[in-house]
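J.: Submitted below is the structure of interest, expressed as structure tokens.
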Amino acid sequence: MNDMTPLLEVRHLSKSFGPVQALSDLSMKVHAGEVVALAGDNGAGKTTLIKAISGVYRPTSGEVLLRGEPVQFNSPQEAREKGIETIYQDLALADNLTIGANIFLGREPMRRALGFLPVLDRRKMAQAAKATMALLDFHVSRLDAPVSNFSGGQRQAVAIGRAVYWNAQILIMDEPTAALGVPEQRKVIALIHQLKAQGRGVIFISHNLQDIFAVSDRIVVLRRGVQAGERRISETSHDEVVKLMIGG
Amino acid sequence: MTTPEPPHRAPDQTSPPADHADKARTALQRIADLRAWLFLAFLILAFELWSRVSFGGTFLFNPFNIQSIAIFAVAPLLLATGQTFVIISGGIDLSMGFIMGLAAVVAAHVINWATPGMGLPMAVLFGALVAIAVAAVPGVVNGLLVSRLKVPPFIGTLGMFGVARGVAFLLAGGTTVPVQNSFFAALGNGRFYGVPWIVIITAVFVLVMHYLLSQTRFGQHNYAIGANVQAASRAGIDIKSHLLRLYILSGICAGLAGFLYAARFSAGAAQAGEPLLLDSVAAVVIGGASLFGGSGTILGTVAGAFVIAVIQYGLVFINVAPFWQFISVGIVIIISVLIDQAQRRFSGGRQSE
């Protein structure tokens, strides 16, 4: 892959719901190892954009390119198979299951007990959980505990760990720090740095400018469904971003 | 299958384990999970002491008592195993009692009809298959109502409770249906090395259900759906087909319970399972499942069913007025739920949702 080819590119994407134009003519790129923040007021089109990328919505016009190849997803499952994983704000985890069981939820590995009886391969799940969580600098010894035993930031790490295990190349994170305390927020920011160091692309939606400035390389600001501006984080300031968001 | 990539970072940058504070929690959760077995041990001990002090005899080491309790527990336990799956998924199946009655009546009629043509054992086998197949039908309807039409399980299965009840009484002509088949009677009352056949059949079935819940994807998905149906759906689990299979499974459990009931009494009765439905829910709850879904085990339910059976039988054994049964079982249910609530508060997570 050419280094200049973006991991993900969105070209002239529009999405309307009946007469309502939620997103119009939006273009953006995410390179490998890059964190792109999406900012904008409520209703600016951030959620519509990520849903169009992750296969929840079909765009009305425009295209999505993955490593330079145009792609069309009919479902989030198809997007996931191509390595685009969305991590939702409300933590899509089953709290009563272990980390390993959550990572493998819906695609559990099986083994044969006594040579004939298919049973869940819990050891494989636990080992994969341990290895994957270590990649995120999150070291667990109690792999048989349900994830409800862990803190909000740790559970966020499990959700990210699941994406990493299934080899997601693009992670879309919708307000990953919104429900967390300050130390936990730092932990998630550190996780995003890990993902970046591993050469994955991250789209990071947040209302928190501090978080955005702490972790992103670029910021794309949306306002009423159109792109209000795009800046390198190193070349902009809180004030400028706020002005772009509210249209001052 | 993808394997994780090697770490891209220096190995010396490790932080301490993130979960060191959780060990005590997990240990307490384990104890709370075993509460049904502790209840059972306590009850048996109490009856044993009472029996020794007041009659100078033994309660536990009398094989007749053990057999009676086991036979007594068969039907509620079979209903409760199916109910365990449904309750873990966050639902409830109120129709099981009358599905059991329906299956008992169907088994009785079919065996009577088939005995002259098929011979004794084949007629019984045929009756079992038909009874269980018929019991699966209201299960299909429950499953479709809950999964496709989004009817709350409480209401959907309450509707089938009425339908199954009416059909069972119509088929039975408002009375019990006696069966003329000596093989059937032998199955229902015979013993193998001292163990009643119906207890053996139930034990094997319960083991299979334990395997299904604890070792298969179906069981794993059942827990996930009960905890967070959105997460399960996002993980690619087909919720509709899972729920359909789930309610068919609970219908089948009720069907087997009805068949074994008919075998035990050599008769089918529409009201066979009527008093057992709430016992089955109670067994599941005492066994550690939460009616909010997401937790519970078959082994816990087994203990729960035996707690109820031991209370009911034991109180008769020590000659206490039978109405105390209701009071005792009620108190055990309440204590059990209180433990569940305390455990939930303690382990965090869910109460904030």
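Ordering of the structure tokens sets the chain letters (A, B, ...), residue numbers begin anew at 1 in every chain, and ligands are numbered from 1 in the order given.
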Show me, as a tab-separated table, the residues of region 68-101 of chain B having an atom within 8 Å of region 163-166 of chain B, each with the closest atom pair and its distance in Å, using only C-alpha atoms.

T.:
```
residue	atom	partner	partner_atom	distance
B:Ser95	CA	B:Ala164	CA	7.2
B:Phe98	CA	B:Arg165	CA	5.1
B:Ile99	CA	B:Ala164	CA	5.7
B:Gly101	CA	B:Arg165	CA	7.5
```

J.: Might you pull out every residue within 9 Å of Arg107 (chain A), with only C-alpha atoms counted and same-chain residues fewer than 5 positions away left off, and present them as a list in words?

T.: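 Answer for this query is Arg217, Ala235, Gly236 and Ile237 of chain B.
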
J.: Give the helix (DSSP H, G or I) residues of region 61-233 of chain A, as DSSP finds them on the backbone, and put them as a VMD selection string.

T.: chain A and resid 76 to 81 99 to 103 122 to 135 147 to 149 152 to 165 182 to 197 209 to 215 233

J.: Using only C-alpha atoms, which of B:Ala262, B:Ala27, B:Ala282, B:Met96 sits nearest chain A?

T.: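 Among the listed residues, the smallest separation from chain A belongs to B:Ala27.
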
J.: Within 10 Å of Ser61 (chain A), counting only C-alpha atoms, which residues qualify if same-chain residues fewer than 4 places away don't, as a VMD selection string?

T.: chain A and resid 11 to 16 24 to 25

J.: Would you kindly return, as a list in words, each protein, DNA or RNA residue with an atom no farther than 6 Å from any atom of region 93-97 of chain A, considering only C-alpha atoms and excluding same-chain residues fewer than 5 positions away?

T.: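 The neighbour list is Pro146, Val147 and Ser148 of chain A; Ala224, Ala227, Asn228 and Ala231 of chain B.
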
J.: Please save N, CA and C atoms of the selected residues as a CSV table (one decimal), in the first residue's frame.

T.:
```
chain,number,residue,atom,x,y,z
A,146,PRO,N,-16.6,-11.4,35.5
A,146,PRO,CA,-17.5,-10.7,34.5
A,146,PRO,C,-17.0,-9.2,34.4
A,147,VAL,N,-17.3,-8.7,33.2
A,147,VAL,CA,-16.8,-7.3,33.0
A,147,VAL,C,-17.5,-6.3,33.9
A,148,SER,N,-18.6,-6.6,34.5
A,148,SER,CA,-19.2,-5.7,35.4
A,148,SER,C,-18.3,-5.4,36.6
B,224,ALA,N,-25.8,-13.4,27.0
B,224,ALA,CA,-25.5,-12.1,26.5
B,224,ALA,C,-26.8,-11.3,26.2
B,227,ALA,N,-28.3,-9.9,29.3
B,227,ALA,CA,-27.5,-8.8,29.9
B,227,ALA,C,-27.7,-7.5,29.1
B,228,ASN,N,-27.6,-7.7,27.8
B,228,ASN,CA,-27.6,-6.5,27.0
B,228,ASN,C,-27.9,-6.9,25.5
B,231,ALA,N,-26.1,-5.1,22.8
B,231,ALA,CA,-24.7,-5.6,22.6
B,231,ALA,C,-24.7,-6.9,21.8
```

J.: Find the residue from A:Ala228, A:Leu195, A:Val242, A:Ala92 that sits nearest to chain B; use only C-alpha atoms when measuring.

T.: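 That would be A:Ala92, the residue with the smallest distance to chain B.
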
J.: I'd like to know which of A:Met110, A:Leu209, A:Ile172, A:Val36 is closest to chain B, using only C-alpha atoms.

T.: A:Met110

J.: Would you return as a PyMOL selection string the members of region 49-285 of chain B that DSSP assigns to strand (DSSP E or B) on this structure's backbone?

T.: chain B and resi 177-178+191-192+195-196+267-268

J.: Give me, as a count of residues only, all polymer residues having an atom no more than 10 Å from region 305-312 of chain B, counting only C-alpha atoms and skipping those fewer than 4 positions away in the same chain.

T.: 50

J.: What's the separation between CA of Val130 (chain B) and CA of Thr157 (chain B), in Å to one decimal place?

T.: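 Distance reported for this atom pair: 21.7 Å.
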
J.: Can you pull out every residue within 12 Å of Lys51 (chain A), counting only C-alpha atoms, but drop anything in the same chain fewer than 6 positions away, and send it as a list in words?

T.: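 These residues fall inside the cut-off: Leu13, Lys15, Ala22, Leu23, Gly45, Tyr57, Arg58, Pro59, Val64, Phe73, Asn74, Ser75, Pro76, Ala79, Ile84, Glu85, Thr86, Ile87, Tyr88, Ile172, Met173 and Asp174 of chain A.
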
J.: Calculated over only C-alpha atoms, which of the candidates A:Glu175, A:Asp137, A:Glu78, A:Glu9 has the smallest distance to chain B?

T.: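 For chain B, the nearest of the given residues is A:Asp137.
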
J.: If we count only C-alpha atoms, which residues of chain A reach to within 9 Å of chain B? Please list them as a PyMOL selection string.

T.: chain A and resi 76-77+91-97+101-102+104-110+118-121+128+131-132+134-142+145-152+154+164-167+194+197-198

J.: Go ahead and save the picked residues with C-alpha atoms, as a PDB file, in the first residue's frame.

T.:
```pdb
ATOM      1  CA  PRO A  76     -22.513  -2.860  10.108  1.00  0.00           C
ATOM      2  CA  GLN A  77     -21.446  -6.525   9.930  1.00  0.00           C
ATOM      3  CA  LEU A  91     -20.415   0.234  25.710  1.00  0.00           C
ATOM      4  CA  ALA A  92     -21.755  -2.626  23.683  1.00  0.00           C
ATOM      5  CA  LEU A  93     -20.656  -5.237  26.214  1.00  0.00           C
ATOM      6  CA  ALA A  94     -22.499  -8.032  27.959  1.00  0.00           C
ATOM      7  CA  ASP A  95     -21.687  -7.137  31.564  1.00  0.00           C
ATOM      8  CA  ASN A  96     -22.237 -10.634  32.898  1.00  0.00           C
ATOM      9  CA  LEU A  97     -19.643 -12.263  30.640  1.00  0.00           C
ATOM     10  CA  ALA A 101     -16.444 -14.033  26.130  1.00  0.00           C
ATOM     11  CA  ASN A 102     -17.117 -10.421  25.167  1.00  0.00           C
ATOM     12  CA  PHE A 104     -15.606 -13.510  21.051  1.00  0.00           C
ATOM     13  CA  LEU A 105     -19.312 -12.741  21.434  1.00  0.00           C
ATOM     14  CA  GLY A 106     -21.133 -14.053  18.390  1.00  0.00           C
ATOM     15  CA  ARG A 107     -18.064 -15.925  17.079  1.00  0.00           C
ATOM     16  CA  GLU A 108     -17.081 -18.133  19.996  1.00  0.00           C
ATOM     17  CA  PRO A 109     -14.292 -20.659  19.412  1.00  0.00           C
ATOM     18  CA  MET A 110     -15.227 -24.292  20.080  1.00  0.00           C
ATOM     19  CA  PRO A 118     -18.207 -29.606  21.102  1.00  0.00           C
ATOM     20  CA  VAL A 119     -17.741 -27.156  23.981  1.00  0.00           C
ATOM     21  CA  LEU A 120     -16.783 -23.494  24.249  1.00  0.00           C
ATOM     22  CA  ASP A 121     -13.024 -23.075  24.221  1.00  0.00           C
ATOM     23  CA  ALA A 128      -6.721 -14.141  23.638  1.00  0.00           C
ATOM     24  CA  ALA A 131      -2.820 -11.074  25.025  1.00  0.00           C
ATOM     25  CA  THR A 132      -5.154  -8.492  23.518  1.00  0.00           C
ATOM     26  CA  ALA A 134      -1.770  -6.533  27.185  1.00  0.00           C
ATOM     27  CA  LEU A 135      -1.475  -4.887  23.758  1.00  0.00           C
ATOM     28  CA  LEU A 136      -3.500  -2.050  25.216  1.00  0.00           C
ATOM     29  CA  ASP A 137      -1.297  -1.916  28.321  1.00  0.00           C
ATOM     30  CA  PHE A 138      -4.166  -3.248  30.405  1.00  0.00           C
ATOM     31  CA  HIS A 139      -3.015  -6.191  32.434  1.00  0.00           C
ATOM     32  CA  VAL A 140      -5.665  -8.506  33.801  1.00  0.00           C
ATOM     33  CA  SER A 141      -5.171 -11.522  35.966  1.00  0.00           C
ATOM     34  CA  ARG A 142      -8.831 -12.324  36.709  1.00  0.00           C
ATOM     35  CA  ALA A 145     -14.505 -12.289  36.283  1.00  0.00           C
ATOM     36  CA  PRO A 146     -17.488 -10.700  34.538  1.00  0.00           C
ATOM     37  CA  VAL A 147     -16.759  -7.298  33.017  1.00  0.00           C
ATOM     38  CA  SER A 148     -19.224  -5.691  35.446  1.00  0.00           C
ATOM     39  CA  ASN A 149     -16.397  -6.043  37.983  1.00  0.00           C
ATOM     40  CA  PHE A 150     -14.290  -3.579  36.032  1.00  0.00           C
ATOM     41  CA  SER A 151     -14.429   0.192  35.938  1.00  0.00           C
ATOM     42  CA  GLY A 152     -15.872   2.263  33.103  1.00  0.00           C
ATOM     43  CA  GLN A 154     -11.490  -0.710  31.794  1.00  0.00           C
ATOM     44  CA  VAL A 164      -8.249  -4.839  18.052  1.00  0.00           C
ATOM     45  CA  TYR A 165      -8.518  -8.618  18.339  1.00  0.00           C
ATOM     46  CA  TRP A 166     -10.672  -8.820  15.230  1.00  0.00           C
ATOM     47  CA  ASN A 167      -8.080  -6.750  13.480  1.00  0.00           C
ATOM     48  CA  GLN A 194      -1.687   2.893  21.589  1.00  0.00           C
ATOM     49  CA  ALA A 197       1.172   3.624  17.510  1.00  0.00           C
ATOM     50  CA  GLN A 198      -0.092   0.303  16.093  1.00  0.00           C
TER      51      GLN A 198
END
```

J.: At what distance in Å, to one decimal, does CA of Val30 (chain A) lie from CA of Gly43 (chain A)?

T.: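 So the two atoms, CA of Gly43 (chain A) and CA of Val30 (chain A), lie 22.4 Å apart.
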
J.: Can you work out the spacing between CA of Ala136 (chain B) and CA of Phe116 (chain A) in Å, to one decimal?

T.: 28.2 Å

J.: Show which residues sit within 7 Å of Leu38 (chain A), as a VMD selection string. Count only C-alpha atoms, and ignore same-chain residues fewer than 3 positions away.

T.: chain A and resid 46 203 to 206 219 to 221
